[in-house]
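Engineer: Below is a structure I'd like to ask you about.
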Amino acid sequence: MASSILIKIICLAIICLVLDIPLANAGQTCGQIKVSLIPCLGYLKHPGPTIPVVCCNGVRTVNDQAKTLPERKDACECIKSTLISIPVLDPNAVQGLHDKCGVKLPFPIGVNMDCSKLGGGAH
């Protein structure tokens, strides 16, 4: 029985390789990015002296998952559209969030960011 399952898994992997289908998607969906950043909403609406640790963990997760240029551009577009949809956020808190969390991003954060100009940059 176990060898039958193993054979099926190997066949599936071979089919995926032949058809160039990724076995796993390393990038995050926009929904996953939003879920990671939800803990930041309170701080971004009413900035205080400290940022919740869970917020910074979310910022790190989004940054760590966006490894390739297309993934970074997708993350940028998702963050930009989310910021535009929540106009009550403090723009200064938004722009400084990644720095306060100790995360170096390859693009500036804000509603005016141009994700099409995103280059390789530091990650």
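Numbering starts fresh at 1 for the residues of each chain in the structure tokens, the chains themselves are lettered A, B, ... in the order given, and ligands are numbered from 1 as they appear.
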Near Gly119 of chain A, within 10 Å and counting only C-alpha atoms, which residues show up once chain neighbours fewer than 3 positions away are dropped, as a PyMOL selection string?
Structural biologist: chain A and resi 69-70+72-73+106-107+115-116+122
Engineer: Export N, CA, C and O atoms of the chosen residues as a PDB file, in the first residue's frame?
Structural biologist:
```pdb
ATOM      1  N   LEU A  69      11.702  38.844  -8.312  1.00  0.00           N
ATOM      2  CA  LEU A  69      11.204  40.156  -8.745  1.00  0.00           C
ATOM      3  C   LEU A  69       9.695  40.126  -9.004  1.00  0.00           C
ATOM      4  O   LEU A  69       8.978  41.010  -8.529  1.00  0.00           O
ATOM      5  N   PRO A  70       9.166  39.116  -9.711  1.00  0.00           N
ATOM      6  CA  PRO A  70       7.706  39.084  -9.896  1.00  0.00           C
ATOM      7  C   PRO A  70       6.945  38.983  -8.564  1.00  0.00           C
ATOM      8  O   PRO A  70       5.890  39.590  -8.407  1.00  0.00           O
ATOM      9  N   ARG A  72       7.973  40.164  -5.670  1.00  0.00           N
ATOM     10  CA  ARG A  72       8.069  41.474  -5.016  1.00  0.00           C
ATOM     11  C   ARG A  72       7.110  42.471  -5.666  1.00  0.00           C
ATOM     12  O   ARG A  72       6.477  43.269  -4.979  1.00  0.00           O
ATOM     13  N   LYS A  73       7.012  42.419  -6.989  1.00  0.00           N
ATOM     14  CA  LYS A  73       6.071  43.316  -7.679  1.00  0.00           C
ATOM     15  C   LYS A  73       4.627  42.994  -7.287  1.00  0.00           C
ATOM     16  O   LYS A  73       3.824  43.903  -7.064  1.00  0.00           O
ATOM     17  N   PRO A 106      12.732  46.387  -0.680  1.00  0.00           N
ATOM     18  CA  PRO A 106      13.272  46.846  -1.959  1.00  0.00           C
ATOM     19  C   PRO A 106      12.409  47.926  -2.611  1.00  0.00           C
ATOM     20  O   PRO A 106      12.637  48.276  -3.750  1.00  0.00           O
ATOM     21  N   PHE A 107      11.413  48.432  -1.879  1.00  0.00           N
ATOM     22  CA  PHE A 107      10.568  49.499  -2.414  1.00  0.00           C
ATOM     23  C   PHE A 107       9.999  50.311  -1.264  1.00  0.00           C
ATOM     24  O   PHE A 107       9.816  49.805  -0.172  1.00  0.00           O
ATOM     25  N   CYS A 115       5.014  50.340  -8.461  1.00  0.00           N
ATOM     26  CA  CYS A 115       5.497  48.960  -8.424  1.00  0.00           C
ATOM     27  C   CYS A 115       6.117  48.517  -9.747  1.00  0.00           C
ATOM     28  O   CYS A 115       6.930  47.603  -9.775  1.00  0.00           O
ATOM     29  N   SER A 116       5.766  49.185 -10.851  1.00  0.00           N
ATOM     30  CA  SER A 116       6.333  48.817 -12.150  1.00  0.00           C
ATOM     31  C   SER A 116       7.805  49.174 -12.243  1.00  0.00           C
ATOM     32  O   SER A 116       8.528  48.610 -13.061  1.00  0.00           O
ATOM     33  N   ALA A 122      17.682  45.478  -2.693  1.00  0.00           N
ATOM     34  CA  ALA A 122      18.045  44.660  -1.532  1.00  0.00           C
ATOM     35  C   ALA A 122      16.815  43.937  -1.043  1.00  0.00           C
ATOM     36  O   ALA A 122      15.715  44.422  -1.141  1.00  0.00           O
TER      37      ALA A 122
END
```
Engineer: Write out as a PyMOL selection string the residues lying within 7 Å of segment 48-63 of chain A, counting only C-alpha atoms and excluding same-chain residues fewer than 3 positions away.
Structural biologist: chain A and resi 33+36-37+39-40+43+66+98+101+103
Engineer: If I take atom CA of Thr29 of chain A and atom CA of Pro47 of chain A, how far is one from the other in Å, to one decimal?
Structural biologist: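 It comes out at 26.9 Å.
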Engineer: From the options A:Leu105, A:Ala75, A:Leu44, A:Met113, which residue's atoms come nearest to Ala93 of chain A, counting only C-alpha atoms?
Structural biologist: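 Closest residue, counting only C-alpha atoms: A:Leu44.
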Engineer: Rank nothing, just name the residue among A:Leu83, A:Cys78, A:Asp99, A:Gly27 nearest to Gln65 of chain A, using only C-alpha atoms.
Structural biologist: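 For Gln65 of chain A, the nearest of the candidates is A:Gly27.
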